[in-house]
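Raw input.pdb, PDB, C-alpha atoms:
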ATOM      1  CA  MET A   2      14.880  28.475  -8.017
ATOM      2  CA  THR A   3      14.224  30.032  -4.616
ATOM      3  CA  SER A   4      14.098  27.911  -1.481
ATOM      4  CA  ARG A   5      10.470  28.959  -1.021
ATOM      5  CA  LEU A   6       9.564  27.603  -4.464
ATOM      6  CA  ARG A   7      11.584  24.413  -3.811
ATOM      7  CA  ASN A   8       9.736  23.908  -0.524
ATOM      8  CA  GLY A   9       6.408  24.512  -2.256
ATOM      9  CA  ILE A  10       7.227  21.837  -4.824
ATOM     10  CA  LYS A  11       8.372  19.482  -2.073
ATOM     11  CA  LEU A  12       5.145  20.077  -0.156
ATOM     12  CA  LEU A  13       2.944  19.444  -3.197
ATOM     13  CA  THR A  14       4.939  16.321  -4.077
ATOM     14  CA  SER A  15       4.785  15.095  -0.483
ATOM     15  CA  ILE A  16       1.003  15.402  -0.489
ATOM     16  CA  ALA A  17       0.568  14.028  -4.021
ATOM     17  CA  VAL A  18       2.481  10.798  -3.363
ATOM     18  CA  PRO A  19       0.232   9.526  -0.526
ATOM     19  CA  GLN A  20      -2.854  10.689  -2.447
ATOM     20  CA  ALA A  21      -1.642   8.676  -5.462
ATOM     21  CA  ALA A  22      -1.088   5.626  -3.261
ATOM     22  CA  GLY A  23      -4.595   6.119  -1.927
ATOM     23  CA  GLY A  24      -5.884   6.377  -5.476
ATOM     24  CA  ILE A  25      -4.305   3.034  -6.341
ATOM     25  CA  GLY A  26      -5.847   1.513  -3.211
ATOM     26  CA  THR A  27      -9.199   2.979  -4.201
ATOM     27  CA  LEU A  28      -9.076   1.124  -7.519
ATOM     28  CA  PHE A  29      -8.986  -2.156  -5.597
ATOM     29  CA  THR A  30     -11.569  -0.954  -3.109
ATOM     30  CA  GLU A  31     -14.051   0.051  -5.792
ATOM     31  CA  THR A  32     -13.744  -3.257  -7.607
ATOM     32  CA  GLY A  33     -13.993  -5.134  -4.297
ATOM     33  CA  MET A  34     -17.108  -3.319  -3.137
ATOM     34  CA  ASP A  35     -19.053  -5.669  -5.342
ATOM     35  CA  ARG A  36     -21.298  -8.412  -4.071
ATOM     36  CA  TRP A  37     -18.435  -9.921  -2.045
ATOM     37  CA  TYR A  38     -18.063  -7.068   0.459
ATOM     38  CA  ARG A  39     -21.797  -6.566   0.707
ATOM     39  CA  THR A  40     -22.330 -10.223   1.587
ATOM     40  CA  ILE A  41     -19.633 -10.725   4.210
ATOM     41  CA  GLU A  42     -20.497 -10.322   7.879
ATOM     42  CA  LYS A  43     -19.353  -7.075   9.444
ATOM     43  CA  PRO A  44     -19.418  -5.987  13.098
ATOM     44  CA  SER A  45     -21.977  -3.467  14.312
ATOM     45  CA  PHE A  46     -19.294  -0.791  14.698
ATOM     46  CA  THR A  47     -18.441  -0.799  10.978
ATOM     47  CA  PRO A  48     -18.654   2.818   9.789
ATOM     48  CA  PRO A  49     -20.871   3.612   6.812
ATOM     49  CA  SER A  50     -19.016   3.390   3.487
ATOM     50  CA  TRP A  51     -19.208   7.155   2.857
ATOM     51  CA  VAL A  52     -16.971   7.823   5.916
ATOM     52  CA  PHE A  53     -13.898   6.152   4.476
ATOM     53  CA  GLY A  54     -13.246   8.528   1.552
ATOM     54  CA  PRO A  55     -13.081  11.781   3.529
ATOM     55  CA  VAL A  56     -11.131  10.151   6.355
ATOM     56  CA  TRP A  57      -8.497   8.708   4.022
ATOM     57  CA  ILE A  58      -8.138  11.893   1.982
ATOM     58  CA  THR A  59      -7.510  13.804   5.218
ATOM     59  CA  LEU A  60      -5.067  11.203   6.517
ATOM     60  CA  TYR A  61      -3.122  11.209   3.236
ATOM     61  CA  VAL A  62      -2.822  15.012   3.413
ATOM     62  CA  LEU A  63      -1.510  14.767   6.994
ATOM     63  CA  MET A  64       0.926  12.037   5.913
ATOM     64  CA  GLY A  65       2.157  14.253   3.087
ATOM     65  CA  ILE A  66       2.688  17.259   5.311
ATOM     66  CA  SER A  67       4.480  15.029   7.793
ATOM     67  CA  ALA A  68       6.808  13.660   5.099
ATOM     68  CA  PHE A  69       7.442  17.187   3.838
ATOM     69  CA  LEU A  70       8.552  18.340   7.291
ATOM     70  CA  VAL A  71      11.150  15.574   7.294
ATOM     71  CA  TRP A  72      12.171  15.958   3.642
ATOM     72  CA  ARG A  73      12.784  19.698   3.992
ATOM     73  CA  LYS A  74      15.442  18.943   6.610
ATOM     74  CA  GLY A  75      17.618  17.938   3.635
ATOM     75  CA  TRP A  76      18.645  14.626   2.102
ATOM     76  CA  ASN A  77      22.118  14.897   3.598
ATOM     77  CA  ARG A  78      20.922  15.264   7.172
ATOM     78  CA  PRO A  79      21.452  12.025   9.087
ATOM     79  CA  GLY A  80      18.244  10.083   9.531
ATOM     80  CA  VAL A  81      16.227  11.716   6.731
ATOM     81  CA  LYS A  82      16.724   9.020   4.093
ATOM     82  CA  PRO A  83      15.989   6.100   6.452
ATOM     83  CA  ALA A  84      12.945   7.893   7.878
ATOM     84  CA  LEU A  85      11.520   8.529   4.414
ATOM     85  CA  ALA A  86      12.328   4.933   3.383
ATOM     86  CA  VAL A  87      10.235   3.642   6.293
ATOM     87  CA  PHE A  88       7.532   6.135   5.336
ATOM     88  CA  GLY A  89       7.583   4.707   1.804
ATOM     89  CA  ALA A  90       7.384   1.162   3.154
ATOM     90  CA  GLN A  91       4.327   1.946   5.261
ATOM     91  CA  LEU A  92       2.710   3.665   2.287
ATOM     92  CA  ALA A  93       3.319   0.542   0.172
ATOM     93  CA  ALA A  94       1.840  -1.646   2.933
ATOM     94  CA  ASN A  95      -1.153   0.691   3.087
ATOM     95  CA  THR A  96      -1.808   0.180  -0.630
ATOM     96  CA  LEU A  97      -1.118  -3.549  -0.349
ATOM     97  CA  TRP A  98      -3.850  -3.894   2.285
ATOM     98  CA  SER A  99      -6.494  -2.614  -0.151
ATOM     99  CA  TYR A 100      -5.284  -5.061  -2.789
ATOM    100  CA  VAL A 101      -5.277  -8.037  -0.409
ATOM    101  CA  PHE A 102      -8.616  -7.255   1.260
ATOM    102  CA  PHE A 103     -10.692  -5.922  -1.619
ATOM    103  CA  GLY A 104      -8.773  -7.204  -4.629
ATOM    104  CA  ARG A 105      -8.008 -10.722  -3.406
ATOM    105  CA  HIS A 106     -10.904 -11.009  -0.894
ATOM    106  CA  SER A 107      -8.402 -12.347   1.622
ATOM    107  CA  ILE A 108      -9.541 -11.185   5.044
ATOM    108  CA  GLY A 109      -6.841 -13.170   6.860
ATOM    109  CA  GLY A 110      -4.133 -11.996   4.480
ATOM    110  CA  ALA A 111      -5.271  -8.408   4.944
ATOM    111  CA  LEU A 112      -5.125  -8.903   8.703
ATOM    112  CA  ALA A 113      -1.471  -9.939   8.404
ATOM    113  CA  VAL A 114      -0.754  -6.913   6.182
ATOM    114  CA  ILE A 115      -2.450  -4.478   8.562
ATOM    115  CA  VAL A 116      -0.382  -5.771  11.493
ATOM    116  CA  VAL A 117       2.777  -5.068   9.470
ATOM    117  CA  LEU A 118       1.348  -1.686   8.415
ATOM    118  CA  TRP A 119       0.617  -0.806  12.050
ATOM    119  CA  GLY A 120       4.219  -1.580  13.006
ATOM    120  CA  LEU A 121       5.590   0.394  10.066
ATOM    121  CA  ILE A 122       3.478   3.431  10.996
ATOM    122  CA  LEU A 123       4.782   3.236  14.551
ATOM    123  CA  LEU A 124       8.359   2.945  13.273
ATOM    124  CA  THR A 125       7.775   5.905  10.925
ATOM    125  CA  MET A 126       6.534   7.962  13.860
ATOM    126  CA  VAL A 127       9.645   7.081  15.870
ATOM    127  CA  GLU A 128      11.963   7.945  12.961
ATOM    128  CA  PHE A 129      10.089  11.174  12.215
ATOM    129  CA  PHE A 130      10.091  12.171  15.908
ATOM    130  CA  ARG A 131      13.896  12.210  15.840
ATOM    131  CA  LEU A 132      13.774  14.796  13.044
ATOM    132  CA  SER A 133      10.538  16.689  13.664
ATOM    133  CA  ARG A 134       8.140  16.214  16.551
ATOM    134  CA  THR A 135       5.418  17.915  14.531
ATOM    135  CA  ALA A 136       5.916  15.405  11.694
ATOM    136  CA  ALA A 137       5.507  12.530  14.146
ATOM    137  CA  PHE A 138       2.406  14.029  15.786
ATOM    138  CA  LEU A 139       0.759  14.580  12.404
ATOM    139  CA  LEU A 140       0.781  10.793  12.016
ATOM    140  CA  VAL A 141      -1.148  10.158  15.249
ATOM    141  CA  PRO A 142      -4.615  10.308  13.588
ATOM    142  CA  TYR A 143      -3.386   7.856  10.935
ATOM    143  CA  PHE A 144      -2.010   5.515  13.593
ATOM    144  CA  LEU A 145      -5.299   5.654  15.511
ATOM    145  CA  TRP A 146      -7.400   5.079  12.371
ATOM    146  CA  VAL A 147      -5.281   2.087  11.322
ATOM    147  CA  SER A 148      -5.544   0.745  14.882
ATOM    148  CA  PHE A 149      -9.334   0.952  14.543
ATOM    149  CA  ALA A 150      -9.122  -0.583  11.053
ATOM    150  CA  ALA A 151      -7.063  -3.477  12.450
ATOM    151  CA  VAL A 152      -9.762  -4.190  15.046
ATOM    152  CA  LEU A 153     -12.377  -3.971  12.312
ATOM    153  CA  ASN A 154     -10.361  -6.283  10.028
ATOM    154  CA  TYR A 155      -9.923  -8.788  12.873
ATOM    155  CA  SER A 156     -13.631  -8.690  13.685
ATOM    156  CA  ILE A 157     -14.530  -9.299  10.032
ATOM    157  CA  TYR A 158     -12.053 -12.166   9.985
ATOM    158  CA  VAL A 159     -13.651 -13.771  13.050
ATOM    159  CA  LEU A 160     -17.187 -13.281  11.736
ATOM    160  CA  ASN A 161     -16.380 -14.829   8.352
ATOM    161  CA  ARG A 162     -14.261 -17.870   9.198
TER     162      ARG A 162
END
Please express the file's structure as structure tokens.
Amino acid sequence: MTSRLRNGIKLLTSIAVPQAAGGIGTLFTETGMDRWYRTIEKPSFTPPSWVFGPVWITLYVLMGISAFLVWRKGWNRPGVKPALAVFGAQLAANTLWSYVFFGRHSIGGALAVIVVLWGLILLTMVEFFRLSRTAAFLLVPYFLWVSFAAVLNYSIYVLNR
């Protein structure tokens, strides 16, 4: 197998994994968009529901490309395995947030998860920066969106105590 083909497979895998995590999160989101979400108080700056799908699909693609840029450095290169482990942890926390917020209807629990997620994204960016500045910068839109989502989650928490 040529290195070009190997890199192509790595790229597709790197994009597919975050998309799959997003798909799992979407299962919880769709079931949670029932009467519960429609009845809770939301701040005036809550985006319309149709915005979230395209934003997340784009962010998951950027995450995948970012992970690919690190993965293609090689498993044996120092820092690659720990960086991708942190990436995996933030991806798990991302999916967990959807479960806690939409699946369990726990606004406070989701707030705790999103704070951990925010920190894990920041740590991923730091780890990726050591290996590929481009990989780290590709995560900036994700970091900013989750920062906004954390403010939104907090506001929903305050409005629904």
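Here the PyMOL selection byres ((chain A and resi 109-118) around 8) captures the residues Gln91, Ala94, Asn95, Leu97, Trp98, Ser99, Val101, Phe102, Ser107, Ile108, Trp119, Gly120, Leu121, Ile122, Val147, Ala151, Asn154, Tyr155 and Tyr158 of chain A.
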- Task: Can you pull out every residue within 12 Å of Pro19 in chain A, counting only C-alpha atoms, but drop anything in the same chain fewer than 6 positions away, and send it as a VMD selection string?
- Result: chain A and resid 12 to 13 25 to 26 57 to 69 88 to 96
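Coordinates place CA of Arg105 in chain A at a distance of 11.7 Å from CA of Met34 in chain A.
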- Which residues come within 9 Å of Thr27 in chain A, counting all atoms listed in the file, excluding same-chain residues fewer than 4 positions away, as a ChimeraX atom specification? /A:22-23,31-32,54,96,99
- Go ahead and compute the interatomic distance for CA of Gly80 in chain A and CA of Pro142 in chain A, in Å to one decimal. 23.2 Å
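Note that the spacing between CA of Gln20 in chain A and CA of Pro55 in chain A amounts to 11.9 Å.
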